[in-house]
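Q: Sharing a structure here in structure tokens format.
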Amino acid sequence: MTRARIAGVLGALAVATLIALALSATFGQFPISLSRVLSDPSSQDANIFWELRVPRALLAVIVGLALGTSGCVLQGLLRNPLADPFVLGVSGGAALGATLALAVGLASVGALVGGSVGEAIGKVSAPSLFAFLGSLGATALVFAAGKVGGRTTPYAALLSGVIFNAFASAAITCIKTLSAPERVGEILYWLAGTLTYERYPTLGIAAVLQAVAVGTMWAYAGRLNLLTLGDDDAASLGVPVERTRMILLLAASLSVAGAVALSGLVGFVGLIVPHVLRLWLGPDQRLLLPASAIGGAGFLALSDLLARVALPVATRVLHPWTPLIQKELPVGVITALLGGPFFLVLLHRRMTRDVPL
């Protein structure tokens, strides 16, 4: 693998992602004029562009980058291309935390804290904060339960994560059963995976969190290559297996926690993107990991654009005389509709050719 190839591949993916970001920020349910945005900063088009579409497009990039990177790392650590970012129980903890906040009607942290402190942090989303705390708690629980003989093994952690996700799913079902009908709709919408119009300070905090988590995973890409050979071979080549695995698992969990706190459960990004890029670029994590990050960002940005325009466009195409449907689909629905069939076709083609995953 040459530096020129790495630069070429990552540069092409970065250009494609920038195009996806620009399209996501430019187009939506309501048409805007970019010339008016640039010439008149006080216009309605400028307000829509800078206050709504750009923050949402940036959020899609941040979440997609996190899911793509963590999915790639977990597939390498578990030596299983079917692993996704939610296998370690992070999704269950986040979903349970957000469901609790939505069920009791907490829209912001200020409503919970109150007083002068509540006024200072009044606009912080309570479901996002509860989801983040729930995912961190689930991660700690899964890591503690996954220890065998004082050491964290990936398969024990994986099984603990699956069990915790099942428990969280049962708890969420119980909460939905006991909640008021209007609360159930909010819970279901969040669980489907949604991107909201976050403020720039929130995006800045999310970007810093992902820079730490994703930067750590990138720094350990070379060691991850050796871990895919097996623990004994990696140890013989000088890799501190236990410490490296723990750092990568914690970094991936932190990255996913930050992503699901802002977007809910957006599936298939961390499963499809690394898998497809592995078929194209090969298994070298030094190239595959940053490529998955950039590819995940572009894929989710385009998926979010499609989520916003799908129903209005379909209304005009199929029933041009009916009132325009202004609702938007959860982005998790779009990623599932795009990723699910594509992955099944890909899996079938590789199995019929008798090629291992």
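Residues in the structure tokens are named by chain (A, B, ... in the order shown) and by number from 1 within that chain; ligands are numbered from 1 in the order shown.
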Contacts of segment 52-56 of chain A at 8 Å or less, counting only C-alpha atoms, minus same-chain residues fewer than 3 places along, as a list in words?

A: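 Those residues are Ser24, Ala25, Thr26, Asn47, Ile48, Phe49, Leu59, Ala60, Leu195, Thr196, Tyr197, Glu198, Arg199, Tyr200 and Leu203 of chain A.
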
Q: Please build the interface table for segment 48-116 of chain A against segment 297-308 of chain A with a cut-off of 9 Å, listing for each qualifying residue the nearest atom pair and the distance in Å to one decimal; count only C-alpha atoms, order rows by chain and increasing number, and write it as a tab-separated table.

A:
residue	atom	partner	partner_atom	distance
A:Arg56	CA	A:Asp304	CA	8.7
A:Ala57	CA	A:Ala301	CA	6.1
A:Leu58	CA	A:Ala301	CA	8.2
A:Leu59	CA	A:Ala301	CA	8.5
A:Ala60	CA	A:Ala301	CA	5.1
A:Val61	CA	A:Ala297	CA	4.2
A:Ile62	CA	A:Ala297	CA	6.6
A:Val63	CA	A:Ala297	CA	7.0
A:Gly64	CA	A:Ala297	CA	4.0
A:Leu65	CA	A:Ala297	CA	4.6
A:Ala66	CA	A:Ala297	CA	8.1
A:Leu67	CA	A:Ala297	CA	8.5
A:Gly68	CA	A:Ala297	CA	7.5

Q: For atom CA of Thr244 of chain A and atom CA of Ile205 of chain A, quote the distance in Å rounded to one decimal.

A: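 According to the coordinates, atom CA of Thr244 of chain A and atom CA of Ile205 of chain A are separated by 26.1 Å.
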
Q: Determine the nearest neighbour of Leu249 of chain A from the options A:Leu21, A:Ala211, A:Ala46, A:Val73, counting only C-alpha atoms.

A: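 Smallest separation from Leu249 of chain A among the options: A:Val73.
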
Q: May I have the residues within 10 Å of Leu78 of chain A as an MDAnalysis selection string, using only C-alpha atoms and disregarding those fewer than 2 positions away in the same chain?

A: chainID A and resid 73:76 80:83 153:155 158 227:228

Q: Please list as a ChimeraX atom specification every residue within 12 Å of Thr173 of chain A, counting only C-alpha atoms and excluding residues in the same chain fewer than 3 positions away.

A: /A:95-96,99-100,103,166-170,176-179,184,187-188,191
